[in-house]
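**Student:** Next comes upload32.csv, CSV, C-alpha atoms and all ligand atoms:
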chain,number,residue,atom,x,y,z
X,1,MET,CA,22.4,26.2,53.2
X,2,ALA,CA,22.3,24.0,56.3
X,3,VAL,CA,21.1,20.5,55.8
X,4,LYS,CA,17.5,20.0,56.9
X,5,LYS,CA,17.0,17.8,60.0
X,6,VAL,CA,14.1,15.4,60.0
X,7,LEU,CA,12.8,12.9,62.5
X,8,THR,CA,11.2,9.5,62.4
X,9,ILE,CA,9.5,8.0,65.5
X,10,ALA,CA,9.1,4.4,64.4
X,11,GLY,CA,9.9,0.7,65.0
X,12,SER,CA,13.1,-1.0,64.0
X,13,ASP,CA,13.0,-3.5,61.2
X,14,SER,CA,16.2,-5.4,61.5
X,15,SER,CA,15.8,-6.8,57.9
X,16,GLY,CA,16.4,-3.3,56.7
X,17,GLY,CA,13.5,-2.7,54.3
X,18,ALA,CA,10.8,-1.1,56.4
X,19,GLY,CA,10.5,0.8,59.7
X,20,LEU,CA,13.0,3.4,60.7
X,21,GLN,CA,15.7,1.8,58.5
X,22,ALA,CA,13.6,2.6,55.5
X,23,ASP,CA,13.1,6.1,56.8
X,24,ILE,CA,16.7,7.1,57.4
X,25,LYS,CA,17.8,5.5,54.1
X,26,THR,CA,15.1,7.6,52.3
X,27,PHE,CA,16.0,10.8,54.3
X,28,GLU,CA,19.6,10.3,53.2
X,29,GLU,CA,18.7,9.8,49.6
X,30,TYR,CA,16.8,13.1,49.7
X,31,GLY,CA,19.8,14.9,51.2
X,32,THR,CA,18.3,15.5,54.6
X,33,PHE,CA,19.7,14.5,58.0
X,34,GLY,CA,17.7,11.9,59.8
X,35,CYS,CA,17.2,11.4,63.5
X,36,THR,CA,15.4,8.4,65.0
X,37,ALA,CA,13.4,7.6,68.1
X,38,ILE,CA,12.9,3.8,68.3
X,39,THR,CA,9.5,2.7,69.7
X,40,ASN,CA,9.7,-1.1,69.1
X,41,ILE,CA,12.2,-3.6,67.9
X,42,VAL,CA,10.6,-6.1,65.5
X,43,THR,CA,12.2,-9.4,64.8
X,44,MET,CA,11.2,-12.1,62.3
X,45,ASP,CA,11.7,-15.8,62.9
X,46,PRO,CA,13.0,-17.7,59.8
X,47,GLN,CA,12.4,-21.0,61.7
X,48,ASN,CA,8.7,-20.2,62.1
X,49,ASN,CA,7.4,-18.9,58.8
X,50,TRP,CA,8.9,-15.4,59.4
X,51,GLN,CA,6.6,-14.8,62.4
X,52,HIS,CA,7.0,-11.2,63.7
X,53,HIS,CA,7.9,-10.6,67.3
X,54,MET,CA,7.6,-7.1,68.8
X,55,TYR,CA,9.8,-5.8,71.6
X,56,PRO,CA,8.3,-2.5,72.8
X,57,VAL,CA,10.6,0.2,74.1
X,58,ASP,CA,9.5,1.8,77.3
X,59,ALA,CA,7.7,5.1,76.8
X,60,GLU,CA,10.1,6.9,79.1
X,61,VAL,CA,13.0,5.8,76.9
X,62,VAL,CA,11.2,7.1,73.9
X,63,ARG,CA,10.8,10.4,75.7
X,64,GLU,CA,14.5,10.5,76.5
X,65,GLN,CA,15.3,9.9,72.8
X,66,LEU,CA,13.0,12.8,71.8
X,67,THR,CA,14.7,15.1,74.4
X,68,THR,CA,18.0,14.2,72.8
X,69,ILE,CA,16.7,14.9,69.3
X,70,PHE,CA,15.0,18.2,70.2
X,71,SER,CA,18.0,19.6,72.2
X,72,GLY,CA,19.4,21.4,69.1
X,73,ASP,CA,18.1,23.6,66.3
X,74,PRO,CA,14.5,23.0,65.2
X,75,LEU,CA,13.6,20.1,62.9
X,76,SER,CA,12.1,20.8,59.5
X,77,ALA,CA,9.7,17.8,59.5
X,78,MET,CA,8.9,14.6,61.3
X,79,LYS,CA,7.1,11.4,60.6
X,80,THR,CA,5.6,8.6,62.8
X,81,GLY,CA,5.5,4.9,61.9
X,82,MET,CA,4.8,2.0,64.2
X,83,LEU,CA,4.1,3.6,67.6
X,84,GLY,CA,2.9,0.6,69.6
X,85,SER,CA,1.1,2.0,72.6
X,86,ILE,CA,-1.3,4.7,73.7
X,87,ASN,CA,1.3,6.1,76.0
X,88,ILE,CA,3.7,6.6,73.1
X,89,ILE,CA,1.0,8.1,70.9
X,90,ARG,CA,0.1,10.6,73.7
X,91,LEU,CA,3.8,11.4,74.1
X,92,VAL,CA,4.2,12.1,70.4
X,93,SER,CA,1.2,14.4,70.5
X,94,LYS,CA,2.6,16.4,73.4
X,95,VAL,CA,6.0,16.7,71.6
X,96,ILE,CA,4.4,18.1,68.5
X,97,ASP,CA,2.8,20.8,70.6
X,98,GLN,CA,5.8,21.4,72.8
X,99,TYR,CA,8.2,22.0,69.9
X,100,LYS,CA,5.6,23.6,67.6
X,101,MET,CA,6.3,21.0,64.9
X,102,LYS,CA,5.1,21.7,61.4
X,103,ASN,CA,5.3,19.2,58.6
X,104,VAL,CA,4.0,16.2,60.6
X,105,VAL,CA,3.5,13.0,58.5
X,106,VAL,CA,1.6,10.2,60.2
X,107,ASP,CA,2.0,6.8,58.7
X,108,PRO,CA,-0.7,4.9,60.7
X,109,VAL,CA,1.1,1.5,60.7
X,110,MET,CA,-1.3,-1.0,62.1
X,111,VAL,CA,-0.1,-4.3,60.6
X,112,CYS,CA,2.9,-5.7,58.9
X,113,LYS,CA,2.1,-6.6,55.3
X,114,GLY,CA,0.0,-9.8,54.8
X,115,GLU,CA,-1.9,-9.5,58.1
X,116,ASP,CA,-5.4,-8.3,58.3
X,117,GLU,CA,-6.1,-7.4,61.9
X,118,PRO,CA,-4.7,-4.3,63.6
X,119,LEU,CA,-2.0,-5.3,66.1
X,120,HIS,CA,-3.6,-3.0,68.7
X,121,PRO,CA,-7.1,-1.8,67.8
X,122,GLU,CA,-7.1,0.6,70.7
X,123,ASN,CA,-4.2,2.5,69.1
X,124,VAL,CA,-6.4,3.3,66.1
X,125,PHE,CA,-8.7,5.4,68.3
X,126,ALA,CA,-5.7,7.1,70.0
X,127,ILE,CA,-4.1,8.0,66.6
X,128,CYS,CA,-7.5,9.5,65.5
X,129,ASP,CA,-7.9,11.5,68.7
X,130,HIS,CA,-4.3,12.6,69.5
X,131,LEU,CA,-2.4,12.7,66.3
X,132,LEU,CA,-4.6,13.3,63.3
X,133,PRO,CA,-5.7,16.8,64.4
X,134,LYS,CA,-2.1,17.8,64.6
X,135,ALA,CA,-0.8,16.2,61.4
X,136,THR,CA,-0.2,17.7,58.1
X,137,ILE,CA,-0.9,14.5,56.2
X,138,VAL,CA,-1.8,10.9,57.1
X,139,THR,CA,-0.8,8.1,54.7
X,140,PRO,CA,-3.0,5.0,55.2
X,141,ASN,CA,-3.0,2.0,52.9
X,142,LEU,CA,-6.5,0.6,52.0
X,143,PHE,CA,-6.7,-1.5,55.2
X,144,GLU,CA,-5.6,1.4,57.4
X,145,ALA,CA,-8.0,3.8,55.7
X,146,ALA,CA,-10.9,1.4,56.4
X,147,GLN,CA,-9.9,1.3,60.0
X,148,LEU,CA,-9.5,5.1,60.4
X,149,SER,CA,-12.8,5.8,58.5
X,150,ASP,CA,-14.7,3.0,60.3
X,151,MET,CA,-15.6,1.5,56.9
X,152,GLN,CA,-15.6,-2.0,55.5
X,153,ILE,CA,-12.6,-3.0,53.4
X,154,LEU,CA,-12.1,-0.5,50.5
X,155,ARG,CA,-12.3,-2.0,47.0
X,156,THR,CA,-12.8,0.9,44.6
X,157,VAL,CA,-11.7,4.5,43.9
X,158,VAL,CA,-15.3,5.5,45.0
X,159,ASP,CA,-14.7,3.8,48.3
X,160,MET,CA,-11.3,5.6,48.6
X,161,LYS,CA,-13.0,8.9,48.1
X,162,GLU,CA,-15.6,8.3,50.7
X,163,ALA,CA,-12.9,7.2,53.2
X,164,ALA,CA,-10.8,10.2,52.4
X,165,LYS,CA,-13.7,12.5,53.3
X,166,LYS,CA,-14.3,10.8,56.6
X,167,ILE,CA,-10.6,10.8,57.5
X,168,VAL,CA,-10.2,14.6,56.8
X,169,ASN,CA,-13.2,15.1,59.0
X,170,LEU,CA,-11.0,13.7,61.9
X,171,GLY,CA,-9.0,17.0,61.7
X,172,VAL,CA,-6.0,16.1,59.6
X,173,GLN,CA,-5.1,18.6,56.8
X,174,TYR,CA,-4.4,16.1,54.0
X,175,VAL,CA,-4.9,12.3,53.6
X,176,VAL,CA,-3.2,10.2,50.9
X,177,ILE,CA,-4.8,6.8,50.6
X,178,LYS,CA,-2.5,4.2,49.0
X,179,GLY,CA,-4.4,1.9,46.6
X,180,GLY,CA,-1.1,0.2,45.8
X,181,ASN,CA,-1.1,-3.5,45.1
X,182,ARG,CA,-4.4,-4.1,46.8
X,183,LEU,CA,-6.7,-2.1,44.5
X,184,GLU,CA,-8.0,-4.1,41.6
X,185,GLY,CA,-6.8,-3.2,38.1
X,186,ASN,CA,-3.4,-2.7,36.5
X,187,LYS,CA,-2.6,0.7,38.1
X,188,ALA,CA,-1.2,1.5,41.5
X,189,ILE,CA,-3.5,4.5,42.3
X,190,ASP,CA,-3.0,6.8,45.3
X,191,LEU,CA,-5.6,9.5,46.2
X,192,LEU,CA,-4.7,12.8,47.9
X,193,TYR,CA,-7.5,14.8,49.5
X,194,ASP,CA,-7.3,18.2,51.3
X,195,GLY,CA,-11.0,18.6,52.2
X,196,SER,CA,-11.9,20.1,48.8
X,197,GLU,CA,-9.9,18.7,46.0
X,198,PHE,CA,-9.1,15.1,45.0
X,199,THR,CA,-5.8,14.5,43.2
X,200,PHE,CA,-4.8,11.0,41.9
X,201,PHE,CA,-1.3,9.7,41.5
X,202,GLU,CA,-0.9,6.7,39.3
X,203,ALA,CA,1.8,4.3,38.3
X,204,GLU,CA,1.8,1.0,36.4
X,205,LYS,CA,1.3,-1.8,38.9
X,206,ILE,CA,4.6,-3.7,39.2
X,207,HIS,CA,4.1,-7.5,39.4
X,208,THR,CA,6.3,-8.3,42.3
X,209,ASN,CA,6.2,-9.6,45.9
X,210,TYR,CA,9.2,-7.5,46.7
X,211,ASN,CA,7.5,-4.4,48.1
X,212,HIS,CA,8.4,-4.7,51.8
X,213,GLY,CA,8.9,-1.2,53.2
X,214,ALA,CA,7.1,0.6,50.3
X,215,GLY,CA,4.7,2.3,52.7
X,216,CYS,CA,7.4,3.5,55.1
X,217,THR,CA,9.5,4.7,52.2
X,218,PHE,CA,6.6,6.6,50.7
X,219,ALA,CA,5.8,8.4,54.0
X,220,ALA,CA,9.5,9.1,54.6
X,221,ALA,CA,9.9,10.6,51.1
X,222,ILE,CA,6.9,12.9,51.7
X,223,THR,CA,8.5,14.0,55.0
X,224,ALA,CA,11.8,14.8,53.4
X,225,GLY,CA,10.1,16.6,50.5
X,226,LEU,CA,8.2,18.8,53.0
X,227,ALA,CA,11.4,19.5,54.9
X,228,LYS,CA,13.0,20.7,51.7
X,229,GLY,CA,10.2,23.1,51.1
X,230,LEU,CA,8.0,21.3,48.6
X,231,SER,CA,4.2,21.7,48.8
X,232,VAL,CA,2.2,18.7,50.1
X,233,LYS,CA,1.1,17.9,46.5
X,234,ASP,CA,4.6,18.1,45.1
X,235,SER,CA,6.0,16.1,48.0
X,236,VAL,CA,3.5,13.3,47.3
X,237,ALA,CA,4.2,13.4,43.6
X,238,LYS,CA,7.9,13.0,44.1
X,239,ALA,CA,7.4,10.4,46.8
X,240,LYS,CA,5.3,8.3,44.4
X,241,VAL,CA,8.1,8.3,41.8
X,242,PHE,CA,10.8,7.6,44.4
X,243,THR,CA,8.8,4.7,45.8
X,244,THR,CA,7.9,3.2,42.4
X,245,GLU,CA,11.6,3.2,41.5
X,246,GLY,CA,12.3,1.5,44.8
X,247,ILE,CA,9.7,-1.2,44.2
X,248,LYS,CA,11.1,-1.8,40.6
X,249,ALA,CA,14.5,-2.5,42.2
X,250,GLY,CA,13.1,-4.7,45.0
X,251,PHE,CA,14.9,-7.9,45.6
X,252,ALA,CA,14.6,-11.2,47.6
X,253,PHE,CA,16.1,-10.8,51.0
X,254,ASN,CA,15.4,-14.5,51.8
X,255,ARG,CA,12.7,-16.9,50.9
X,256,PHE,CA,10.1,-15.0,52.9
X,257,ILE,CA,10.6,-11.4,52.1
X,258,GLY,CA,11.8,-8.9,49.5
X,259,PRO,CA,12.4,-5.2,50.4
X,260,VAL,CA,12.3,-2.2,48.1
X,261,TRP,CA,15.6,-0.6,47.4
X,262,HIS,CA,15.7,2.9,48.7
X,263,GLY,CA,18.7,3.9,46.6
X,264,ALA,CA,17.1,3.1,43.3
X,265,TYR,CA,15.7,6.6,42.4
X,266,ASN,CA,19.0,8.4,42.8
X,267,LYS,CA,20.9,5.6,41.1
X,268,SER,CA,18.7,5.9,38.0
X,269,HIS,CA,18.5,9.7,38.1
X,270,LEU,CA,22.1,10.4,38.7
X,271,SER,CA,23.7,7.8,36.4
X,301,LIG,N1,3.0,-3.5,43.1
X,301,LIG,C1,3.1,-2.2,43.1
X,301,LIG,N2,3.3,-1.5,41.9
X,301,LIG,C2,3.4,-0.1,41.9
X,301,LIG,N3,3.3,0.6,43.0
X,301,LIG,C3,3.0,0.0,44.2
X,301,LIG,C4,2.9,-1.4,44.3
X,301,LIG,N4,2.7,-1.8,45.6
X,301,LIG,C5,2.6,-0.6,46.3
X,301,LIG,N5,2.8,0.5,45.5
X,301,LIG,C6,2.9,1.9,45.8
X,301,LIG,O1,3.8,2.0,46.9
X,301,LIG,C7,3.4,3.0,47.8
X,301,LIG,C8,3.2,2.3,49.2
X,301,LIG,O2,2.0,1.6,49.2
X,301,LIG,P1,1.6,0.3,50.0
X,301,LIG,O3,2.6,-0.8,49.6
X,301,LIG,O4,0.2,-0.1,49.7
X,301,LIG,O5,1.8,0.7,51.4
X,301,LIG,P2,1.9,-0.1,52.8
X,301,LIG,O6,3.3,-0.6,52.8
X,301,LIG,O7,1.6,0.9,53.8
X,301,LIG,O8,0.9,-1.2,52.7
X,301,LIG,C9,2.1,3.6,47.2
X,301,LIG,O9,2.5,4.7,46.4
X,301,LIG,C10,1.6,2.5,46.4
X,301,LIG,O10,0.7,2.9,45.3
X,302,LIG,C1,9.1,-1.6,62.3
X,302,LIG,C2,8.1,-1.7,61.1
X,302,LIG,N1,7.4,-0.6,60.7
X,302,LIG,C3,6.6,-0.6,59.7
X,302,LIG,C4,6.4,-1.8,59.0
X,302,LIG,C5,5.4,-1.7,57.8
X,302,LIG,O1,6.1,-1.9,56.6
X,302,LIG,P1,5.6,-1.6,55.2
X,302,LIG,O2,6.2,-0.3,54.7
X,302,LIG,O3,6.0,-2.7,54.3
X,302,LIG,O4,4.1,-1.4,55.3
X,302,LIG,C6,7.0,-3.0,59.3
X,302,LIG,C7,6.8,-4.2,58.6
X,302,LIG,O5,7.5,-5.2,58.8
X,302,LIG,C8,7.9,-2.9,60.4
X,302,LIG,O6,8.6,-4.0,60.8
Turn this file's structure into C-alpha cells for me.
**Tutor:**
Amino acid sequence: MAVKKVLTIAGSDSSGGAGLQADIKTFEEYGTFGCTAITNIVTMDPQNNWQHHMYPVDAEVVREQLTTIFSGDPLSAMKTGMLGSINIIRLVSKVIDQYKMKNVVVDPVMVCKGEDEPLHPENVFAICDHLLPKATIVTPNLFEAAQLSDMQILRTVVDMKEAAKKIVNLGVQYVVIKGGNRLEGNKAIDLLYDGSEFTFFEAEKIHTNYNHGAGCTFAAAITAGLAKGLSVKDSVAKAKVFTTEGIKAGFAFNRFIGPVWHGAYNKSHLS
C-alpha cells in the first residue's frame, strides 16, 4: 500500500522540538510522508533570555509552497500550526476548499509556551471564521481554548466542558482541549467533544520542564493517525500515548529549553 502523504502548514522552530520540525518527525514516526509549507521562521536569542523573533514568510511564497505540495496525488490529511497572518489563514481556508481536503487538524498556535498574550489577537477571529468551520478537529491548550471560546482562563474540567461546547458551536466537528500541565491536580487531562459526547484522555502528570513541542507533536500525531484511517477518537487516544512517551523522554536542549523527543514512542514499542 502506498505511503500516506500528509501536510503541515506551520512555523519553523530551528531548535527542533516544536513547529514543523516536530510535525515531520512525528509524521515519520507514524510511517507517513510529510510535506511542509513554512509560514514563519522563529529564532530564539540565547543572549537575551531566549527571546523569540518571528520572521514571517510572504503569503505569496506560502501559496507557491502549497501549489508545489498539491501538484501530485491527493494528501490524506493536513494540519496547521503557527500561521502568523490573516492573509495566510485565508489562503489556507481556500486551499482546503480547492483541494477538497478531509482530515484537517487545526492547532491554533497563539503563543509560544510561557507567554500569556496572543501574538496576534486578530488572528484568533480569523481562525474562528475561516478555519474552524472547515476543520475536522481543533486542538487548543487551556489558554487557546479560553481565547477561542471568549472565556476567562480555564481552571477546571467544568470550565473545559463549557469552552468545548462554545468551540464546537463555531462549526468545527471535534475539539480536544489539552489540560496538560496547566490544569491543577496530578493528571494531565485532555477533553474531546464532538457536540454530543465528552471523552476524557488521562495520563499521569510528568514533573518536567522539558515539554517544548508537546502541543505540536500531539496535533501532528492526530493528523498522521487520521491519514492512516483511524477514527478521530482513536487518533486522539494514540496521540496521547505517543506524546506522553515523548514528554517522558524530554531533555535539556540548553539552559532555557527542553524539547520532547518524538522518537520515544517507537523506541519503547519496537525495542
Ligand atoms: N507535564 C505533563 N505530563 C503529562 N502530559 C503532559 C504534560 N504537559 C503536557 N502534557 C500533554 O501533552 C499534550 C500537549 O499539551 P500542552 O503541552 O498543554 O500543549 P501546548 O504545547 O499546545 O501548550 C497534551 O496531551 C497534554 O495533556
Ligand atoms: C514555530 C513554532 N510553532 C509552534 C510552537 C508552539 O510549541 P508547543 O508545541 O511547545 O506549544 C512554537 C514554540 O516555540 C514554535 O516555535
**Student:** Taking only C-alpha atoms and all ligand atoms into account, report as a list in words which residues have an atom no farther than 7 Å from an atom of ligand LIG 302 (chain X).
**Tutor:**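 Answer in the requested format: Ala10, Gly11, Ser12, Asp13, Ala18, Gly19, Leu20, Asn40, Ile41, Val42, Gly81, Met82, Val109, Val111, Cys112, Lys113, Asn211, His212, Gly213, Ala214, Gly215, Cys216 and Thr217 of chain X.
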**Student:** Could you tell me, counting all atoms listed in the file, which protein and nucleic acid residues lie no more than 7 Å from ligand LIG 301 (chain X), written as a ChimeraX atom specification?
**Tutor:** /X:109,113,140-141,178-182,188-190,203-208,211-216,218,240,243-244,247
**Student:** Pull the neighbourhood of (-4.1, 5.5, 68.6) for me: all residues within 9 Å in file coordinates, counting all atoms listed in the file, as a PDB file with C-alpha atoms, in the frame of the given file.
**Tutor:**
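Dumped everything to result-v1.pdb:
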ATOM      1  CA  LEU X  83       4.100   3.600  67.600  1.00  0.00           C
ATOM      2  CA  GLY X  84       2.900   0.600  69.600  1.00  0.00           C
ATOM      3  CA  SER X  85       1.100   2.000  72.600  1.00  0.00           C
ATOM      4  CA  ILE X  86      -1.300   4.700  73.700  1.00  0.00           C
ATOM      5  CA  ILE X  89       1.000   8.100  70.900  1.00  0.00           C
ATOM      6  CA  ARG X  90       0.100  10.600  73.700  1.00  0.00           C
ATOM      7  CA  PRO X 108      -0.700   4.900  60.700  1.00  0.00           C
ATOM      8  CA  HIS X 120      -3.600  -3.000  68.700  1.00  0.00           C
ATOM      9  CA  PRO X 121      -7.100  -1.800  67.800  1.00  0.00           C
ATOM     10  CA  GLU X 122      -7.100   0.600  70.700  1.00  0.00           C
ATOM     11  CA  ASN X 123      -4.200   2.500  69.100  1.00  0.00           C
ATOM     12  CA  VAL X 124      -6.400   3.300  66.100  1.00  0.00           C
ATOM     13  CA  PHE X 125      -8.700   5.400  68.300  1.00  0.00           C
ATOM     14  CA  ALA X 126      -5.700   7.100  70.000  1.00  0.00           C
ATOM     15  CA  ILE X 127      -4.100   8.000  66.600  1.00  0.00           C
ATOM     16  CA  CYS X 128      -7.500   9.500  65.500  1.00  0.00           C
ATOM     17  CA  ASP X 129      -7.900  11.500  68.700  1.00  0.00           C
ATOM     18  CA  HIS X 130      -4.300  12.600  69.500  1.00  0.00           C
ATOM     19  CA  LEU X 131      -2.400  12.700  66.300  1.00  0.00           C
TER      20      LEU X 131
END
**Student:** Hey, what's within 9 Å of Ala252 (chain X) if we count all atoms listed in the file and toss same-chain stuff fewer than 5 positions away? As a list in words, please?
**Tutor:** Asn209, Tyr210, Ile257, Gly258 and Pro259 of chain X
**Student:** Env of Met1 (chain X): 12 Å cut, atoms = only C-alpha atoms, seq-sep filter 5 positions within chain, self excluded. Answer as a VMD selection string.
**Tutor:** chain X and resid 31 to 32 228
**Student:** Choose the residue, out of X:Gln152, X:Thr139, X:Ser71, X:Gln65, that has the smallest atom-to-atom separation from Ile222 (chain X); count all atoms listed in the file.
**Tutor:**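 Among the listed residues, the smallest separation from Ile222 (chain X) belongs to X:Thr139.
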**Student:** So which residues fall inside 9 Å of (-7.9, 14.6, 58.0) if we count all atoms listed in the file? Mind giving them as a list in words?
**Tutor:**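 Residues satisfying the cut-off, written out: Leu132, Pro133, Ala135, Thr136, Ile137, Val138, Ala164, Lys165, Lys166, Ile167, Val168, Asn169, Leu170, Gly171, Val172, Gln173, Tyr174, Val175, Tyr193, Asp194 and Gly195 of chain X.
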**Student:** Can you pull out the residues contacting Ser235 (chain X)? Cut-off 7 Å, using all atoms listed in the file, and skip same-chain residues under 4 positions away; I want them as an MDAnalysis selection string.
**Tutor:** chainID X and resid 222 225:226 230:231 239
**Student:** Which residue, X:Phe200, X:Trp50, X:Tyr99, X:Tyr55, has the smallest gap to Ala77 (chain X) when you use only C-alpha atoms?
**Tutor:**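 Of X:Phe200, X:Trp50, X:Tyr99, X:Tyr55, the one nearest Ala77 (chain X) is X:Tyr99, counting only C-alpha atoms.
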**Student:** In Å to one decimal, how far is CA of Gln147 (chain X) from CA of Val104 (chain X)?
**Tutor:** 20.4 Å
**Student:** Would you work out the distance separating CA of Glu29 (chain X) from CA of Met101 (chain X), expressed in Å to one decimal?
**Tutor:** 22.7 Å
**Student:** How far is it from CA of Val236 (chain X) to CA of Lys102 (chain X), in Å with one decimal?
**Tutor:**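 Atom-to-atom, CA of Val236 (chain X) and CA of Lys102 (chain X) are spaced 16.5 Å apart.
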**Student:** From the list X:Ala221, X:Leu148, X:Val92, X:Val3, which residue is nearest Met110 (chain X) when using only C-alpha atoms?
**Tutor:** X:Leu148
**Student:** Skipping near chain neighbours, those fewer than 2 positions away, what residues fall within 9 Å of Leu66 (chain X) using all atoms listed in the file, listed as a list in words?
**Tutor:**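 Selected residues are Ile9, Thr36, Ala37, Val61, Val62, Arg63, Glu64, Thr68, Ile69, Phe70, Ser71, Val92 and Val95 of chain X.
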**Student:** Of the candidates X:Thr43, X:Ala163, X:Glu184, X:Phe33, which one gets nearest to Met151 (chain X) if we count only C-alpha atoms?
**Tutor:**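 Of X:Thr43, X:Ala163, X:Glu184, X:Phe33, the one nearest Met151 (chain X), counting only C-alpha atoms, is X:Ala163.
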